$ cat upload.csv   # CSV, C-alpha atoms
chain,number,residue,atom,x,y,z
A,28,MET,CA,-7.4,-30.7,12.4
A,29,ILE,CA,-7.1,-27.7,10.1
A,30,PRO,CA,-5.5,-29.1,6.9
A,31,TYR,CA,-2.7,-27.2,5.2
A,32,PHE,CA,-4.7,-27.4,1.9
A,33,ASP,CA,-8.2,-28.5,1.1
A,34,TYR,CA,-9.8,-28.2,-2.4
A,35,ARG,CA,-13.3,-29.3,-1.2
A,36,PRO,CA,-14.7,-26.0,0.1
A,37,GLU,CA,-14.1,-24.4,-3.3
A,38,TYR,CA,-15.5,-27.4,-5.1
A,39,GLU,CA,-18.7,-27.4,-3.0
A,40,ARG,CA,-19.1,-23.6,-3.8
A,41,LEU,CA,-18.6,-24.2,-7.6
A,42,LYS,CA,-20.1,-27.7,-7.8
A,43,PRO,CA,-23.0,-27.0,-10.1
A,44,ASP,CA,-20.9,-25.3,-12.7
A,45,ILE,CA,-18.0,-27.8,-12.4
A,46,ASP,CA,-20.4,-30.8,-12.7
A,47,ALA,CA,-22.0,-29.2,-15.7
A,48,ALA,CA,-18.6,-28.7,-17.3
A,49,TRP,CA,-17.7,-32.4,-16.8
A,50,SER,CA,-21.0,-33.4,-18.3
A,51,ARG,CA,-20.6,-31.1,-21.3
A,52,VAL,CA,-17.2,-32.5,-22.1
A,53,LEU,CA,-18.1,-36.2,-21.6
A,54,GLY,CA,-21.1,-35.7,-23.9
A,55,SER,CA,-19.1,-33.9,-26.6
A,56,GLY,CA,-17.1,-36.8,-28.0
A,57,LEU,CA,-13.9,-34.7,-27.7
A,58,LEU,CA,-11.5,-35.4,-24.9
A,59,VAL,CA,-8.1,-34.0,-26.1
A,60,LEU,CA,-7.3,-30.6,-27.7
A,61,GLY,CA,-10.9,-29.7,-28.3
A,62,PRO,CA,-12.9,-26.5,-27.9
A,63,GLU,CA,-12.5,-26.3,-24.1
A,64,VAL,CA,-8.7,-26.2,-24.4
A,65,ALA,CA,-8.9,-23.6,-27.2
A,66,ALA,CA,-11.3,-21.4,-25.2
A,67,PHE,CA,-9.2,-21.7,-22.0
A,68,GLU,CA,-6.1,-20.8,-23.9
A,69,ARG,CA,-7.7,-17.6,-25.3
A,70,GLU,CA,-9.2,-16.7,-21.9
A,71,VAL,CA,-5.9,-17.0,-20.0
A,72,ALA,CA,-4.0,-15.1,-22.7
A,73,ALA,CA,-6.6,-12.3,-22.6
A,74,ALA,CA,-6.4,-12.1,-18.8
A,75,VAL,CA,-2.6,-11.4,-19.0
A,76,GLY,CA,-2.7,-9.3,-22.1
A,77,ALA,CA,-0.8,-11.8,-24.3
A,78,ARG,CA,-1.3,-12.7,-27.9
A,79,GLY,CA,-2.0,-16.4,-27.3
A,80,GLY,CA,-1.9,-19.3,-25.0
A,81,VAL,CA,-0.8,-22.9,-25.4
A,82,GLY,CA,-2.1,-25.6,-23.0
A,83,VAL,CA,0.3,-28.3,-21.9
A,84,ALA,CA,0.4,-31.2,-19.5
A,85,SER,CA,2.0,-29.5,-16.4
A,86,GLY,CA,3.6,-26.4,-15.2
A,87,THR,CA,7.0,-27.9,-15.5
A,88,ASP,CA,6.3,-28.8,-19.1
A,89,ALA,CA,5.3,-25.2,-19.7
A,90,LEU,CA,8.7,-24.1,-18.5
A,91,ILE,CA,10.5,-26.7,-20.6
A,92,LEU,CA,8.6,-26.0,-23.8
A,93,GLY,CA,8.8,-22.2,-23.1
A,94,LEU,CA,12.6,-22.5,-23.0
A,95,ARG,CA,12.8,-24.7,-26.0
A,96,ALA,CA,10.5,-22.4,-28.0
A,97,LEU,CA,13.0,-19.6,-27.3
A,98,GLY,CA,15.9,-21.7,-28.5
A,99,ILE,CA,17.5,-22.2,-25.1
A,100,GLY,CA,19.5,-25.4,-25.1
A,101,ALA,CA,22.9,-27.1,-24.6
A,102,GLY,CA,25.7,-24.7,-23.9
A,103,ASP,CA,23.4,-22.0,-22.7
A,104,GLU,CA,23.0,-20.7,-19.1
A,105,VAL,CA,19.8,-19.5,-17.4
A,106,LEU,CA,19.7,-17.3,-14.4
A,107,THR,CA,17.2,-18.4,-11.7
A,108,VAL,CA,16.9,-18.9,-7.9
A,109,ALA,CA,17.5,-21.9,-5.7
A,110,ASN,CA,14.8,-21.4,-3.1
A,111,ALA,CA,11.8,-22.1,-5.4
A,112,GLY,CA,11.9,-25.9,-5.4
A,113,VAL,CA,13.2,-28.2,-8.1
A,114,PRO,CA,10.8,-27.6,-11.1
A,115,PRO,CA,12.5,-24.5,-12.5
A,116,VAL,CA,15.9,-26.1,-12.3
A,117,ALA,CA,14.6,-29.4,-13.7
A,118,ALA,CA,13.2,-27.5,-16.6
A,119,ILE,CA,16.5,-25.8,-17.4
A,120,ARG,CA,18.3,-29.1,-17.3
A,121,ALA,CA,15.6,-30.8,-19.4
A,122,VAL,CA,16.5,-28.5,-22.3
A,123,GLY,CA,20.2,-29.2,-21.8
A,124,ALA,CA,21.0,-25.7,-20.4
A,125,THR,CA,22.8,-24.9,-17.1
A,126,PRO,CA,21.3,-23.0,-14.2
A,127,ARG,CA,23.2,-20.1,-12.8
A,128,PHE,CA,21.8,-19.3,-9.4
A,129,VAL,CA,21.1,-15.8,-8.1
A,130,ASP,CA,20.7,-15.1,-4.5
A,131,VAL,CA,17.4,-13.6,-3.3
A,132,ARG,CA,16.4,-10.4,-1.5
A,133,PRO,CA,16.2,-10.9,2.2
A,134,ASP,CA,12.8,-9.2,2.5
A,135,THR,CA,10.8,-10.8,-0.3
A,136,LEU,CA,12.9,-13.9,-0.9
A,137,LEU,CA,12.6,-13.2,-4.7
A,138,ILE,CA,15.4,-12.9,-7.2
A,139,ASP,CA,17.7,-10.0,-6.4
A,140,PRO,CA,18.2,-8.0,-9.7
A,141,GLN,CA,21.4,-6.5,-8.3
A,142,ARG,CA,22.9,-9.9,-7.7
A,143,ALA,CA,21.9,-11.1,-11.1
A,144,ARG,CA,24.9,-9.2,-12.6
A,145,ASP,CA,27.3,-11.3,-10.4
A,146,ALA,CA,26.0,-14.5,-12.0
A,147,LEU,CA,26.2,-13.2,-15.6
A,148,THR,CA,28.6,-14.9,-18.0
A,149,PRO,CA,29.1,-14.8,-21.8
A,150,ARG,CA,27.0,-17.9,-22.1
A,151,THR,CA,23.9,-16.5,-20.2
A,152,ARG,CA,20.9,-16.5,-22.6
A,153,CYS,CA,17.9,-16.2,-20.3
A,154,VAL,CA,16.5,-15.1,-16.9
A,155,LEU,CA,13.9,-17.5,-15.5
A,156,VAL,CA,12.0,-15.3,-13.0
A,157,VAL,CA,10.0,-17.2,-10.3
A,158,HIS,CA,7.1,-15.1,-8.8
A,159,LEU,CA,7.4,-17.1,-5.6
A,160,TYR,CA,4.6,-17.4,-3.0
A,161,GLY,CA,2.3,-15.5,-5.4
A,162,GLN,CA,4.3,-12.3,-5.1
A,163,PRO,CA,5.7,-10.7,-8.3
A,164,ALA,CA,9.4,-10.1,-8.6
A,165,GLU,CA,10.9,-6.7,-9.4
A,166,LEU,CA,10.0,-6.9,-13.1
A,167,ASP,CA,11.1,-3.4,-14.1
A,168,ALA,CA,14.7,-4.0,-12.8
A,169,ILE,CA,14.8,-7.5,-14.2
A,170,LEU,CA,13.6,-6.5,-17.7
A,171,ALA,CA,16.0,-3.6,-17.8
A,172,PHE,CA,18.9,-5.9,-16.8
A,173,ALA,CA,17.8,-8.5,-19.3
A,174,GLY,CA,17.4,-6.0,-22.1
A,175,SER,CA,20.8,-4.4,-21.6
A,176,HIS,CA,22.4,-7.9,-21.9
A,177,GLY,CA,20.2,-9.3,-24.7
A,178,LEU,CA,18.6,-11.9,-22.5
A,179,ALA,CA,15.2,-13.5,-22.9
A,180,VAL,CA,12.9,-13.4,-19.8
A,181,VAL,CA,10.7,-16.4,-18.9
A,182,GLU,CA,8.2,-15.9,-16.1
A,183,ASP,CA,7.3,-18.8,-13.8
A,184,CYS,CA,3.8,-17.8,-12.8
A,185,ALA,CA,2.9,-21.2,-11.3
A,186,GLN,CA,2.1,-19.5,-7.9
A,187,ALA,CA,1.1,-16.1,-9.1
A,188,GLN,CA,-1.9,-16.3,-11.5
A,189,GLY,CA,-3.9,-13.1,-11.0
A,190,ALA,CA,-1.0,-11.2,-9.5
A,191,THR,CA,-0.1,-7.8,-10.9
A,192,TYR,CA,2.9,-5.6,-11.2
A,193,GLY,CA,2.4,-1.9,-12.0
A,194,GLY,CA,-1.2,-2.7,-12.7
A,195,ARG,CA,-0.4,-5.4,-15.3
A,196,ALA,CA,-0.9,-9.1,-14.8
A,197,VAL,CA,2.2,-11.2,-14.5
A,198,GLY,CA,2.9,-13.6,-17.3
A,199,GLY,CA,2.7,-10.9,-20.0
A,200,PHE,CA,6.0,-9.2,-19.3
A,201,GLY,CA,8.5,-11.7,-20.5
A,202,ALA,CA,8.9,-13.6,-23.8
A,203,VAL,CA,7.0,-16.5,-22.3
A,204,GLY,CA,4.8,-16.7,-19.2
A,205,CYS,CA,4.3,-20.2,-17.7
A,206,PHE,CA,1.4,-21.3,-15.5
A,207,SER,CA,0.7,-24.4,-13.5
A,208,PHE,CA,-2.8,-25.7,-12.6
A,209,TYR,CA,-1.7,-28.3,-10.1
A,210,PRO,CA,-4.5,-28.7,-7.6
A,211,THR,CA,-2.9,-26.4,-4.9
A,212,LYS,CA,-2.5,-23.5,-7.3
A,213,ILE,CA,-4.6,-20.3,-7.5
A,214,VAL,CA,-6.6,-21.8,-10.4
A,215,GLY,CA,-6.2,-25.5,-9.7
A,216,ALA,CA,-7.3,-28.5,-11.7
A,217,PHE,CA,-8.5,-31.8,-10.4
A,218,GLY,CA,-5.2,-33.3,-11.7
A,219,ASP,CA,-2.4,-31.7,-13.5
A,220,GLY,CA,-2.0,-29.1,-16.3
A,221,GLY,CA,0.0,-26.1,-17.5
A,222,LEU,CA,-0.1,-23.3,-20.0
A,223,CYS,CA,2.3,-20.9,-21.8
A,224,VAL,CA,1.4,-17.4,-22.9
A,225,THR,CA,3.3,-15.3,-25.4
A,226,SER,CA,2.8,-12.3,-27.6
A,227,ALA,CA,5.3,-13.5,-30.3
A,228,ALA,CA,3.5,-15.3,-33.1
A,229,GLU,CA,6.6,-17.4,-34.0
A,230,VAL,CA,7.0,-18.5,-30.4
A,231,GLU,CA,3.3,-19.4,-30.1
A,232,GLU,CA,3.6,-21.5,-33.3
A,233,ARG,CA,6.7,-23.3,-32.0
A,234,LEU,CA,4.9,-24.0,-28.7
A,235,ARG,CA,2.0,-25.6,-30.5
A,236,CYS,CA,4.3,-27.6,-32.6
A,237,LEU,CA,6.5,-28.8,-29.7
A,238,ARG,CA,3.6,-29.9,-27.5
A,239,MET,CA,2.4,-32.4,-30.2
A,240,TYR,CA,5.3,-34.3,-31.5
A,241,GLY,CA,6.5,-31.4,-33.7
A,242,PHE,CA,3.3,-31.6,-35.8
A,243,ARG,CA,1.8,-28.6,-37.5
A,244,GLY,CA,-1.7,-29.8,-38.0
A,245,ASP,CA,-0.3,-32.8,-39.9
A,246,ARG,CA,1.5,-36.1,-39.0
A,247,HIS,CA,4.9,-34.8,-40.1
A,248,ALA,CA,7.4,-33.9,-37.4
A,249,HIS,CA,8.8,-30.5,-38.3
A,250,LEU,CA,10.5,-30.2,-34.9
A,251,GLU,CA,11.6,-32.7,-32.3
A,252,GLY,CA,8.5,-32.4,-30.1
A,253,VAL,CA,6.9,-34.2,-27.2
A,254,ASN,CA,3.5,-35.3,-26.0
A,255,SER,CA,2.3,-32.6,-23.6
A,256,ARG,CA,-1.3,-31.7,-23.9
A,257,LEU,CA,-3.9,-30.2,-21.5
A,258,ASP,CA,-7.0,-32.4,-21.7
A,259,GLU,CA,-10.6,-31.2,-22.3
A,260,LEU,CA,-11.9,-32.3,-18.8
A,261,GLN,CA,-9.3,-30.2,-16.9
A,262,ALA,CA,-9.7,-27.3,-19.3
A,263,ALA,CA,-13.4,-27.2,-18.7
A,264,ILE,CA,-13.0,-27.2,-15.0
A,265,LEU,CA,-10.3,-24.6,-15.2
A,266,ARG,CA,-12.6,-22.3,-17.2
A,267,VAL,CA,-15.1,-22.4,-14.4
A,268,LYS,CA,-12.4,-21.5,-11.8
A,269,LEU,CA,-10.9,-18.8,-14.0
A,270,ARG,CA,-14.3,-17.0,-14.0
A,271,HIS,CA,-14.1,-16.8,-10.3
A,272,LEU,CA,-10.4,-15.8,-10.1
A,273,SER,CA,-11.0,-12.3,-8.7
A,274,ASP,CA,-13.1,-13.7,-5.9
A,275,THR,CA,-10.5,-16.4,-5.2
A,276,VAL,CA,-7.7,-13.9,-5.0
A,277,GLU,CA,-9.8,-11.6,-2.7
A,278,GLN,CA,-10.4,-14.5,-0.3
A,279,ARG,CA,-6.7,-15.2,-0.2
A,280,ARG,CA,-5.9,-11.6,0.4
A,281,ARG,CA,-8.4,-11.4,3.2
A,282,ILE,CA,-6.9,-14.4,4.9
A,283,ALA,CA,-3.4,-12.9,4.5
A,284,ARG,CA,-4.6,-9.6,6.0
A,285,ARG,CA,-6.0,-11.5,9.0
A,286,TYR,CA,-2.7,-13.3,9.5
A,287,ARG,CA,-0.7,-10.1,9.2
A,288,GLU,CA,-2.9,-8.4,11.8
A,289,GLY,CA,-2.9,-11.4,14.2
A,290,LEU,CA,0.8,-12.0,14.0
A,291,ALA,CA,2.0,-8.4,13.8
A,292,ASP,CA,3.6,-8.5,17.2
A,293,CYS,CA,4.6,-12.2,17.1
A,294,ALA,CA,8.1,-13.5,17.2
A,295,CYS,CA,7.8,-14.9,13.6
A,296,ARG,CA,8.7,-12.7,10.7
A,297,MET,CA,6.5,-12.4,7.7
A,298,VAL,CA,7.9,-12.3,4.1
A,299,GLY,CA,7.7,-8.9,2.5
A,300,GLU,CA,5.9,-7.7,-0.6
A,301,THR,CA,7.3,-6.1,-3.7
A,302,PRO,CA,6.6,-2.4,-4.0
A,303,GLY,CA,4.2,-1.6,-6.9
A,304,ALA,CA,2.9,-5.2,-7.0
A,305,GLU,CA,-0.3,-6.9,-5.8
A,306,GLY,CA,0.3,-10.5,-4.9
A,307,VAL,CA,-2.2,-13.3,-4.7
A,308,HIS,CA,-0.9,-15.2,-1.6
A,309,HIS,CA,-0.7,-18.6,-3.1
A,310,LEU,CA,1.3,-19.3,0.1
A,311,PHE,CA,1.5,-17.3,3.3
A,312,VAL,CA,5.0,-17.7,4.5
A,313,VAL,CA,6.5,-16.7,7.9
A,314,ARG,CA,10.1,-17.2,9.0
A,315,VAL,CA,10.8,-18.8,12.4
A,316,ALA,CA,14.2,-19.4,14.1
A,317,GLU,CA,13.4,-22.8,15.5
A,318,ARG,CA,11.2,-24.3,12.8
A,319,ALA,CA,11.2,-27.9,14.0
A,320,ALA,CA,9.9,-26.8,17.5
A,321,VAL,CA,7.3,-24.5,16.0
A,322,ILE,CA,6.1,-27.3,13.7
A,323,ALA,CA,5.8,-29.7,16.6
A,324,ALA,CA,3.7,-27.1,18.5
A,325,LEU,CA,1.4,-26.5,15.5
A,326,GLU,CA,0.8,-30.2,15.1
A,327,ARG,CA,-0.1,-30.5,18.8
A,328,GLU,CA,-2.7,-27.7,18.2
A,329,GLY,CA,-4.1,-29.5,15.1
A,330,VAL,CA,-2.8,-26.9,12.5
A,331,GLY,CA,-1.5,-28.1,9.2
A,332,HIS,CA,1.6,-26.5,7.6
A,333,GLY,CA,4.0,-26.7,4.7
A,334,VAL,CA,7.6,-25.8,4.1
A,335,HIS,CA,8.4,-24.1,0.8
A,336,TYR,CA,11.1,-25.0,0.4
A,337,PRO,CA,13.3,-26.8,3.0
A,338,GLU,CA,16.4,-27.3,1.0
A,339,PRO,CA,18.0,-25.0,-1.6
A,340,VAL,CA,18.4,-26.7,-4.9
A,341,HIS,CA,22.1,-25.8,-5.4
A,342,LEU,CA,22.9,-28.0,-2.4
A,343,MET,CA,20.9,-31.0,-3.4
A,344,GLU,CA,22.6,-34.3,-4.4
A,345,ALA,CA,21.4,-34.3,-8.0
A,346,TYR,CA,23.0,-30.9,-8.6
A,347,ARG,CA,26.3,-31.3,-6.9
A,348,PHE,CA,27.9,-31.4,-10.4
A,349,LEU,CA,27.3,-27.6,-10.6
A,350,GLY,CA,30.0,-27.2,-7.9
A,351,HIS,CA,28.3,-25.3,-5.2
A,352,GLU,CA,29.2,-25.3,-1.6
A,353,PRO,CA,27.3,-24.1,1.5
A,354,GLY,CA,27.6,-20.4,1.9
A,355,ASP,CA,27.5,-19.7,-1.9
A,356,LEU,CA,23.9,-18.2,-1.6
A,357,PRO,CA,23.7,-17.1,2.1
A,358,VAL,CA,20.4,-15.3,1.9
A,359,THR,CA,18.8,-18.3,0.1
A,360,GLU,CA,20.3,-20.8,2.5
A,361,ARG,CA,19.2,-19.0,5.6
A,362,ALA,CA,15.7,-18.6,4.3
A,363,CYS,CA,15.3,-22.3,3.5
A,364,GLU,CA,16.1,-23.0,7.2
A,365,GLU,CA,13.4,-20.7,8.5
A,366,VAL,CA,10.4,-20.6,6.1
A,367,LEU,CA,7.1,-22.0,7.2
A,368,SER,CA,3.8,-21.9,5.2
A,369,LEU,CA,0.4,-21.5,7.0
A,370,PRO,CA,-2.9,-22.7,5.7
A,371,ILE,CA,-4.4,-20.4,3.1
A,372,TYR,CA,-7.1,-21.4,0.5
A,373,PRO,CA,-10.6,-20.4,-0.5
A,374,GLY,CA,-13.2,-21.5,2.1
A,375,LEU,CA,-10.9,-21.4,5.1
A,376,SER,CA,-13.2,-20.3,7.8
A,377,GLU,CA,-12.8,-17.4,10.2
A,378,SER,CA,-12.7,-19.7,13.2
A,379,ALA,CA,-9.9,-21.7,11.5
A,380,ILE,CA,-8.0,-18.5,10.8
A,381,GLU,CA,-8.2,-17.6,14.4
A,382,GLN,CA,-7.1,-21.0,15.5
A,383,VAL,CA,-4.1,-20.8,13.2
A,384,VAL,CA,-3.1,-17.4,14.6
A,385,ARG,CA,-3.5,-18.6,18.2
A,386,ALA,CA,-1.4,-21.7,17.5
A,387,VAL,CA,1.4,-19.8,15.8
A,388,ARG,CA,1.6,-17.2,18.5
A,389,HIS,CA,1.7,-19.9,21.2
A,390,ALA,CA,4.3,-21.9,19.2
A,391,CYS,CA,6.5,-18.9,18.7
A,392,ARG,CA,6.4,-18.1,22.4
$ encode --input "upload.csv" --output "structure tokens"
Amino acid sequence: MIPYFDYRPEYERLKPDIDAAWSRVLGSGLLVLGPEVAAFEREVAAAVGARGGVGVASGTDALILGLRALGIGAGDEVLTVANAGVPPVAAIRAVGATPRFVDVRPDTLLIDPQRARDALTPRTRCVLVVHLYGQPAELDAILAFAGSHGLAVVEDCAQAQGATYGGRAVGGFGAVGCFSFYPTKIVGAFGDGGLCVTSAAEVEERLRCLRMYGFRGDRHAHLEGVNSRLDELQAAILRVKLRHLSDTVEQRRRIARRYREGLADCACRMVGETPGAEGVHHLFVVRVAERAAVIAALEREGVGHGVHYPEPVHLMEAYRFLGHEPGDLPVTERACEEVLSLPIYPGLSESAIEQVVRAVRHACR
């Protein structure tokens, strides 16, 4: 069986450094918001060209606190997509704002800047851009649109750490860039974690305050904050993995090239890439007309798979109050019926890649 995801090959490759990191933290006497977190915050911020970084408990918390730090709240609307899973929408609702869904481009399945204008209302305050599957969205067009309407831009980089647009790392384009370190991510923890980056000093100060009960280095709540902290153990591990980011990304790109070559004349369709961008292939997604049949065939061949994501958020039960009906986002809805994710992670062997290609070709026949 080829698993859809397996962290162990990467761990074995980095084991001496990771084990040393664990030991260093456990012997330090500091487990929360210590030197490892501070160093990791600086390193991530430097990698994306931002002024500073603020470690938090998860990628979803990064989105929530990023929106709050920008003053997004009740009565505001945030433009985003419905094909990127629940977390971006849950974050918008957690701050009291309302999501306004924008349909996606049929080639890349990323937010369509042209359609964003159709979703704009007088209450729109922000665009939450999801760099889905590790592929940057069209940031030039999005930033121009946002700037012309006075909207903040928040980047959801959960799947795109290390990706670039116009030669610049994603996360540093918007007012806040948000990262996730869930184990499956490009830089994955052995648990959960997240981080915000920003180049605005006042936003960074608000983020630090919000993540720790509203404190500013004291025990006085200056803002209504929460408890959302990246711990020292995870930060130490993530620092090791961050040093190997370029190699990790190259491995993913190599696997993606092999899939594209092997499936070039196959009945499945591969999701496109944004011009001027270099993605990191957090996921390798194909589109198939009869997904259930293809999945059954892959399972018979011992090939793991994922579906990201099987149901658009605007049609989920929890969000019916938004008043959407089937057909409101036709490109999004069609994509959710067809997308299928193939195994892609550091350490996936050449023989495993060949087996996946053979299985997909056979399944699509």
$ closest_residue --input "upload.csv" --among "A:Ala111, A:Leu58, A:Ala84, A:Val312" --to "Val253 in chain A" --atoms "only C-alpha atoms"
A:Ala84
$ residues_near_point --input "upload.csv" --point "(-7.2, -25.7, 9.9)" --cutoff "8 Å" --atoms "all atoms listed in the file" --output "PyMOL selection string"
chain A and resi 28-31+329-331+370+375+379-380+382-383
$ closest_residue --input "upload.csv" --among "A:Leu265, A:Ile138, A:Ala196, A:Ala345" --to "Gly306 in chain A" --atoms "all atoms listed in the file"
A:Ala196
$ residues_near_point --input "upload.csv" --point "(-1.0, -22.3, 18.3)" --cutoff "12 Å" --atoms "only C-alpha atoms" --output "VMD selection string"
chain A and resid 29 289 to 290 293 320 to 332 369 379 to 392
$ atom_distance --input "upload.csv" --atom1 "CA of Ala168 in chain A" --atom2 "CA of Asp134 in chain A"
16.3 Å
$ atom_distance --input "upload.csv" --atom1 "CA of Gly161 in chain A" --atom2 "CA of Gly201 in chain A"
16.8 Å
$ atom_distance --input "upload.csv" --atom1 "CA of Pro62 in chain A" --atom2 "CA of Val75 in chain A"
20.3 Å
$ residues_around --input "upload.csv" --residues "Ile213 in chain A" --least-positions-apart "2" --cutoff "12 Å" --atoms "only C-alpha atoms" --output "PyMOL selection string"
chain A and resi 32+34+37+160-161+184-190+206-211+215-216+265+268-269+271-280+306-310+371-373
$ closest_residue --input "upload.csv" --among "A:Gly303, A:Pro339, A:Gly56, A:Gly98" --to "Leu166 in chain A" --atoms "all atoms listed in the file"
A:Gly303
$ closest_residue --input "upload.csv" --among "A:Arg256, A:Val157, A:Val52, A:Gly220" --to "Val129 in chain A" --atoms "only C-alpha atoms"
A:Val157
$ closest_atom_pairs --input "upload.csv" --of "range 51-155 of chain A" --to "range 333-336 of chain A" --cutoff "12 Å" --atoms "all atoms listed in the file" --output "JSON lines"
{"residue": "A:Val108", "atom": "CA", "partner": "A:Tyr336", "partner_atom": "CA", "distance": 11.8}
{"residue": "A:Ala109", "atom": "CA", "partner": "A:Tyr336", "partner_atom": "CA", "distance": 9.4}
{"residue": "A:Asn110", "atom": "CA", "partner": "A:Tyr336", "partner_atom": "CA", "distance": 6.2}
{"residue": "A:Ala111", "atom": "CA", "partner": "A:Tyr336", "partner_atom": "CA", "distance": 6.5}
{"residue": "A:Gly112", "atom": "CA", "partner": "A:Tyr336", "partner_atom": "CA", "distance": 5.9}
{"residue": "A:Val113", "atom": "CA", "partner": "A:Tyr336", "partner_atom": "CA", "distance": 9.3}
{"residue": "A:Pro114", "atom": "CA", "partner": "A:Tyr336", "partner_atom": "CA", "distance": 11.8}
{"residue": "A:Leu136", "atom": "CA", "partner": "A:His335", "partner_atom": "CA", "distance": 11.3}
$ closest_residue --input "upload.csv" --among "A:Arg152, A:Arg266, A:His158, A:Arg361" --to "Ala48 in chain A" --atoms "only C-alpha atoms"
A:Arg266
$ residues_around --input "upload.csv" --residues "range 353-360 of chain A" --least-positions-apart "2" --cutoff "7 Å" --atoms "all atoms listed in the file" --output "list in words"
Ala109, Asn110, Asp130, Val131, Pro133, Pro339, His351, Ala362, Cys363 and Glu364 of chain A
$ residues_around --input "upload.csv" --residues "Leu237 in chain A" --least-positions-apart "6" --cutoff "12 Å" --atoms "only C-alpha atoms" --output "list in words"
Val81, Gly82, Val83, Asp88, Ala89, Ile91, Leu92, Gly93, Leu94, Arg95, Ala96, Leu97, Gly98, Cys223, Val230, Glu231, Arg243, Gly244, Ala248, His249, Leu250, Glu251, Gly252, Val253, Asn254, Ser255 and Arg256 of chain A
$ closest_residue --input "upload.csv" --among "A:Glu259, A:Asp46, A:Glu182, A:Glu305" --to "Ala66 in chain A" --atoms "only C-alpha atoms"
A:Glu259
$ residues_around --input "upload.csv" --residues "Arg296 in chain A" --least-positions-apart "2" --cutoff "8 Å" --atoms "all atoms listed in the file" --output "short mmCIF file (atom, residue, chain, number, x, y, z; two decimals) with C-alpha atoms, in the coordinates of the input"
data_model
loop_
_atom_site.label_atom_id
_atom_site.label_comp_id
_atom_site.auth_asym_id
_atom_site.auth_seq_id
_atom_site.Cartn_x
_atom_site.Cartn_y
_atom_site.Cartn_z
CA CYS A 293 4.60 -12.20 17.10
CA ALA A 294 8.10 -13.50 17.20
CA VAL A 298 7.90 -12.30 4.10
CA VAL A 313 6.50 -16.70 7.90
CA ARG A 314 10.10 -17.20 9.00
CA VAL A 315 10.80 -18.80 12.40
#
$ residues_around --input "upload.csv" --residues "Val224 in chain A" --least-positions-apart "6" --cutoff "8 Å" --atoms "all atoms listed in the file" --output "PyMOL selection string"
chain A and resi 71-72+77-81+198-199+203-205+231
$ write_last_selection --input "upload.csv" --atoms "C-alpha atoms" --output "PDB file, in the coordinates of the input"
ATOM      1  CA  VAL A  71      -5.900 -17.000 -20.000  1.00  0.00           C
ATOM      2  CA  ALA A  72      -4.000 -15.100 -22.700  1.00  0.00           C
ATOM      3  CA  ALA A  77      -0.800 -11.800 -24.300  1.00  0.00           C
ATOM      4  CA  ARG A  78      -1.300 -12.700 -27.900  1.00  0.00           C
ATOM      5  CA  GLY A  79      -2.000 -16.400 -27.300  1.00  0.00           C
ATOM      6  CA  GLY A  80      -1.900 -19.300 -25.000  1.00  0.00           C
ATOM      7  CA  VAL A  81      -0.800 -22.900 -25.400  1.00  0.00           C
ATOM      8  CA  GLY A 198       2.900 -13.600 -17.300  1.00  0.00           C
ATOM      9  CA  GLY A 199       2.700 -10.900 -20.000  1.00  0.00           C
ATOM     10  CA  VAL A 203       7.000 -16.500 -22.300  1.00  0.00           C
ATOM     11  CA  GLY A 204       4.800 -16.700 -19.200  1.00  0.00           C
ATOM     12  CA  CYS A 205       4.300 -20.200 -17.700  1.00  0.00           C
ATOM     13  CA  GLU A 231       3.300 -19.400 -30.100  1.00  0.00           C
TER      14      GLU A 231
END
$ axis_aligned_box --input "upload.csv" --around "range 117-126 of chain A" --padding-each-side "5 Å" --output "AutoDock Vina command-line options"
--center_x 18.0 --center_y -26.9 --center_z -18.0 --size_x 19.6 --size_y 17.8 --size_z 18.6
